Amino acid sequence: MRCVARTQRLSIVGGDRTAALGERPAIFVHWHAQILIATAFTLRHLLDRGRPVAVIASLSRDGELGARVAARLGLRVERGSSSRGGDAALRRLHRQITQHGASVVLAVDGPRGPERQSKPGAIVLAQVSEVPVVPLGLAASSAFRVGSWDRTLVPWPFSRTRAAIGAPIWVPKQSSENDRATLSRELDSALDALTRNAAAGVP
Amino acid sequence: MNNVEIALAVLSRLSERPAAELQPQHELVADLGIDSPKALELLVALEEELGTEISDEQAARMEKVSDILDFARALPVA
C-alpha cells in the first residue's frame with residue numbers, strides 16, 4: 001500500500017481549498033473505487049503536513065487488513081461501516097474531530113456500495129461535528145481494475161494521478177432529513193464532476 | 001447526580017424539553033424528534049457524561065426514554 005501510494009506522481013487541483021481550511025479539520029470524501037489514490041492524497045496532502053487523520057475500516061476480514069495497513073501508515077483507524085458497527089464508529093470519528101482536531105477521510109459509497117451513491121454518515125457527521133465535507137475526485141493515467149464490487153482502481157507504480165479537491169460543503173446545524181438528502185445528492189454530483197475533472201487532467 | 005439523573009439531563013437538553021415532561025414511554029424519534037444527527041449527539045453525550053461506551057447493539061435497543069434510563073440504571077455507580 002505504501003509503495004502504491006508513494007510511487008504515484010500525484011498532482012493536486014484545488015489545493016487552495018485545503019489551505020483555506022487552515023488548521024480546521026474536515027471530512028474528505030471520495031468514491032470507494034478510488035481508495036488507493038485517496039490513500040496517496042491522504043499521506044501526501046494531509047498527513048505529511050502534520051494534520052492528524054482518521055479513517056474507518058470495516059469489521060470484515062478485509063477491513064482488518066486495511067485497518068492494520070492504515071495504522072502502520074500513521075492513520076487513526078476506527079472500525080465499523082454502514083452495514084455493521086457504523087454508529088459506534090461515527091461516534092468515535094466525531095470524537096477524533098472534536099477532541100483531537102483530526103480530519104477524516106471516508107469512502108462514502110463503501111464498504112459495498114451501491115457504487116457512487118453516498119451513504120448518509122458523512123453528512124450526519126459534518127452536521128454534528130460542525131466541520132465541512134470536502135469532496136475529492138481522483139484519477140490515474142495508468143491503472144488496472146480489480147474484480148471487486150466497485151472495480152477498485154490500482155494505479156501502476158509511477159503512474160500520474162490527480163486529486164481534484166472540491167468546494168467544502170457545510171451542513172447547517174438545523175438541517176432536516178430532507179435538507180440532508182438534498183446535500184447528499186449535491187455531494188454525489190460533486191464527486192462525479194470532480195472525478196471527470198481529475199481524469200481530464202491526467203493524459 | 002446519579003446515572004439516571006444524568007441521562008435525563010442529556011435527554012432534556014437534546015430534546016429541548018424539561019426533564020419533568022419526559023415520560024418513560026416517549027419514543028425518541030416519534031415523540032422527541034430525535035433524528036439521525038440528534039441520535040449521534042445523544043449517544044456521544046451519554047457516553048461522555050456517563051463515562052461509558054455504548055455498543056451498536058445497545059444503541060439499537062434505545063427506542064424510548066425508558067430504554068435509556070434502564071441503560072443508565074444498569075451502569076455501575078462511579
# chains A, B, ... in the order shown; residues from 1 in each chain; ligands from 1
call {"tool": "residues_around", "arguments": {"residues": "Leu59 (chain A)", "least_positions_apart": "3", "cutoff": "6 Å", "atoms": "only C-alpha atoms", "output": "list in words"}}
result
Gly63, Arg79 and Gly80 of chain A
call {"tool": "interface_residues", "arguments": {"of": "chain B", "to": "chain A", "cutoff": "7 Å", "atoms": "only C-alpha atoms", "output": "PDB file with C-alpha atoms, in the first residue's frame"}}
result
ATOM      1  CA  SER B  36     -30.014  10.822  12.993  1.00  0.00           C
ATOM      2  CA  PRO B  37     -27.752  13.756  13.916  1.00  0.00           C
ATOM      3  CA  LEU B  40     -25.421  10.739  17.277  1.00  0.00           C
ATOM      4  CA  GLU B  41     -25.211  13.731  19.627  1.00  0.00           C
ATOM      5  CA  VAL B  44     -21.932  10.843  22.304  1.00  0.00           C
ATOM      6  CA  SER B  55     -22.209  -0.652  21.617  1.00  0.00           C
ATOM      7  CA  ASP B  56     -24.236  -0.704  18.421  1.00  0.00           C
TER       8      ASP B  56
END
call {"tool": "select_by_dssp", "arguments": {"residues": "region 51-104 of chain A", "states": "alpha helix (DSSP H)", "output": "ChimeraX atom specification"}}
result
/A:61-72,86-100
call {"tool": "write_last_selection", "arguments": {"atoms": "N, CA and C atoms", "output": "PDB file, in the first residue's frame"}}
result
ATOM      1  N   ARG A  61     -12.916  -9.242   7.449  1.00  0.00           N
ATOM      2  CA  ARG A  61     -11.510  -9.670   7.388  1.00  0.00           C
ATOM      3  C   ARG A  61     -10.704  -8.722   6.508  1.00  0.00           C
ATOM      4  N   ASP A  62     -11.300  -8.305   5.386  1.00  0.00           N
ATOM      5  CA  ASP A  62     -10.626  -7.318   4.515  1.00  0.00           C
ATOM      6  C   ASP A  62     -10.399  -6.020   5.277  1.00  0.00           C
ATOM      7  N   GLY A  63     -11.394  -5.649   6.068  1.00  0.00           N
ATOM      8  CA  GLY A  63     -11.280  -4.428   6.851  1.00  0.00           C
ATOM      9  C   GLY A  63     -10.166  -4.534   7.876  1.00  0.00           C
ATOM     10  N   GLU A  64      -9.981  -5.713   8.445  1.00  0.00           N
ATOM     11  CA  GLU A  64      -8.913  -5.928   9.429  1.00  0.00           C
ATOM     12  C   GLU A  64      -7.558  -5.692   8.766  1.00  0.00           C
ATOM     13  N   LEU A  65      -7.409  -6.197   7.551  1.00  0.00           N
ATOM     14  CA  LEU A  65      -6.146  -5.998   6.824  1.00  0.00           C
ATOM     15  C   LEU A  65      -5.963  -4.514   6.530  1.00  0.00           C
ATOM     16  N   GLY A  66      -7.036  -3.882   6.047  1.00  0.00           N
ATOM     17  CA  GLY A  66      -6.983  -2.443   5.761  1.00  0.00           C
ATOM     18  C   GLY A  66      -6.660  -1.633   7.005  1.00  0.00           C
ATOM     19  N   ALA A  67      -7.233  -2.044   8.127  1.00  0.00           N
ATOM     20  CA  ALA A  67      -7.007  -1.322   9.382  1.00  0.00           C
ATOM     21  C   ALA A  67      -5.542  -1.389   9.790  1.00  0.00           C
ATOM     22  N   ARG A  68      -4.949  -2.569   9.661  1.00  0.00           N
ATOM     23  CA  ARG A  68      -3.535  -2.721  10.038  1.00  0.00           C
ATOM     24  C   ARG A  68      -2.647  -1.882   9.141  1.00  0.00           C
ATOM     25  N   VAL A  69      -2.948  -1.913   7.841  1.00  0.00           N
ATOM     26  CA  VAL A  69      -2.142  -1.128   6.896  1.00  0.00           C
ATOM     27  C   VAL A  69      -2.278   0.352   7.211  1.00  0.00           C
ATOM     28  N   ALA A  70      -3.508   0.795   7.425  1.00  0.00           N
ATOM     29  CA  ALA A  70      -3.754   2.217   7.688  1.00  0.00           C
ATOM     30  C   ALA A  70      -3.040   2.660   8.962  1.00  0.00           C
ATOM     31  N   ALA A  71      -3.081   1.829   9.984  1.00  0.00           N
ATOM     32  CA  ALA A  71      -2.426   2.168  11.251  1.00  0.00           C
ATOM     33  C   ALA A  71      -0.918   2.290  11.052  1.00  0.00           C
ATOM     34  N   ARG A  72      -0.347   1.399  10.262  1.00  0.00           N
ATOM     35  CA  ARG A  72       1.108   1.452  10.020  1.00  0.00           C
ATOM     36  C   ARG A  72       1.486   2.686   9.210  1.00  0.00           C
ATOM     37  N   GLY A  86     -21.502   0.715  12.419  1.00  0.00           N
ATOM     38  CA  GLY A  86     -21.296   2.051  11.873  1.00  0.00           C
ATOM     39  C   GLY A  86     -21.545   3.162  12.865  1.00  0.00           C
ATOM     40  N   ASP A  87     -22.599   3.039  13.670  1.00  0.00           N
ATOM     41  CA  ASP A  87     -22.929   4.141  14.577  1.00  0.00           C
ATOM     42  C   ASP A  87     -21.828   4.377  15.590  1.00  0.00           C
ATOM     43  N   ALA A  88     -21.287   3.308  16.150  1.00  0.00           N
ATOM     44  CA  ALA A  88     -20.215   3.465  17.130  1.00  0.00           C
ATOM     45  C   ALA A  88     -18.991   4.076  16.467  1.00  0.00           C
ATOM     46  N   ALA A  89     -18.709   3.657  15.236  1.00  0.00           N
ATOM     47  CA  ALA A  89     -17.553   4.214  14.518  1.00  0.00           C
ATOM     48  C   ALA A  89     -17.766   5.702  14.248  1.00  0.00           C
ATOM     49  N   LEU A  90     -18.995   6.091  13.890  1.00  0.00           N
ATOM     50  CA  LEU A  90     -19.286   7.513  13.664  1.00  0.00           C
ATOM     51  C   LEU A  90     -19.066   8.305  14.945  1.00  0.00           C
ATOM     52  N   ARG A  91     -19.474   7.743  16.077  1.00  0.00           N
ATOM     53  CA  ARG A  91     -19.273   8.444  17.346  1.00  0.00           C
ATOM     54  C   ARG A  91     -17.782   8.639  17.609  1.00  0.00           C
ATOM     55  N   ARG A  92     -17.004   7.609  17.315  1.00  0.00           N
ATOM     56  CA  ARG A  92     -15.565   7.734  17.556  1.00  0.00           C
ATOM     57  C   ARG A  92     -14.926   8.704  16.576  1.00  0.00           C
ATOM     58  N   LEU A  93     -15.423   8.727  15.337  1.00  0.00           N
ATOM     59  CA  LEU A  93     -14.908   9.715  14.372  1.00  0.00           C
ATOM     60  C   LEU A  93     -15.261  11.125  14.838  1.00  0.00           C
ATOM     61  N   HIS A  94     -16.448  11.278  15.377  1.00  0.00           N
ATOM     62  CA  HIS A  94     -16.870  12.581  15.911  1.00  0.00           C
ATOM     63  C   HIS A  94     -15.905  13.034  17.002  1.00  0.00           C
ATOM     64  N   ARG A  95     -15.512  12.082  17.864  1.00  0.00           N
ATOM     65  CA  ARG A  95     -14.562  12.433  18.924  1.00  0.00           C
ATOM     66  C   ARG A  95     -13.194  12.756  18.343  1.00  0.00           C
ATOM     67  N   GLN A  96     -12.789  12.024  17.316  1.00  0.00           N
ATOM     68  CA  GLN A  96     -11.489  12.322  16.668  1.00  0.00           C
ATOM     69  C   GLN A  96     -11.477  13.770  16.168  1.00  0.00           C
ATOM     70  N   ILE A  97     -12.604  14.173  15.599  1.00  0.00           N
ATOM     71  CA  ILE A  97     -12.695  15.530  15.049  1.00  0.00           C
ATOM     72  C   ILE A  97     -12.708  16.561  16.167  1.00  0.00           C
ATOM     73  N   THR A  98     -13.609  16.374  17.118  1.00  0.00           N
ATOM     74  CA  THR A  98     -13.856  17.444  18.093  1.00  0.00           C
ATOM     75  C   THR A  98     -12.834  17.460  19.226  1.00  0.00           C
ATOM     76  N   GLN A  99     -12.275  16.310  19.569  1.00  0.00           N
ATOM     77  CA  GLN A  99     -11.333  16.291  20.703  1.00  0.00           C
ATOM     78  C   GLN A  99      -9.881  16.278  20.248  1.00  0.00           C
ATOM     79  N   HIS A 100      -9.605  15.759  19.069  1.00  0.00           N
ATOM     80  CA  HIS A 100      -8.223  15.645  18.615  1.00  0.00           C
ATOM     81  C   HIS A 100      -7.933  16.485  17.382  1.00  0.00           C
TER      82      HIS A 100
END
call {"tool": "residues_around", "arguments": {"residues": "Ala139 (chain A)", "least_positions_apart": "6", "cutoff": "7 Å", "atoms": "only C-alpha atoms", "output": "VMD selection string"}}
result
chain A and resid 161 to 163 195 198 to 199
call {"tool": "write_last_selection", "arguments": {"atoms": "N, CA, C and O atoms", "output": "short mmCIF file (atom, residue, chain, number, x, y, z; two decimals), in the first residue's frame"}}
result
data_model
loop_
_atom_site.label_atom_id
_atom_site.label_comp_id
_atom_site.auth_asym_id
_atom_site.auth_seq_id
_atom_site.Cartn_x
_atom_site.Cartn_y
_atom_site.Cartn_z
N THR A 161 -1.19 10.48 -11.15
CA THR A 161 -2.52 10.51 -10.56
C THR A 161 -2.88 11.95 -10.23
O THR A 161 -2.00 12.82 -10.17
N ARG A 162 -4.16 12.16 -10.08
CA ARG A 162 -4.61 13.55 -9.86
C ARG A 162 -5.74 13.54 -8.86
O ARG A 162 -6.62 12.67 -8.90
N ALA A 163 -5.67 14.52 -7.96
CA ALA A 163 -6.74 14.72 -6.98
C ALA A 163 -7.35 16.09 -7.24
O ALA A 163 -6.65 17.09 -7.21
N THR A 195 -14.38 13.83 -10.35
CA THR A 195 -13.72 12.67 -10.94
C THR A 195 -13.45 12.92 -12.42
O THR A 195 -12.36 12.62 -12.92
N ALA A 198 -10.60 15.37 -12.63
CA ALA A 198 -9.31 14.74 -12.36
C ALA A 198 -8.87 13.89 -13.56
O ALA A 198 -7.71 13.93 -13.98
N ALA A 199 -9.81 13.15 -14.15
CA ALA A 199 -9.48 12.28 -15.27
C ALA A 199 -9.02 13.10 -16.48
O ALA A 199 -8.13 12.70 -17.23
#
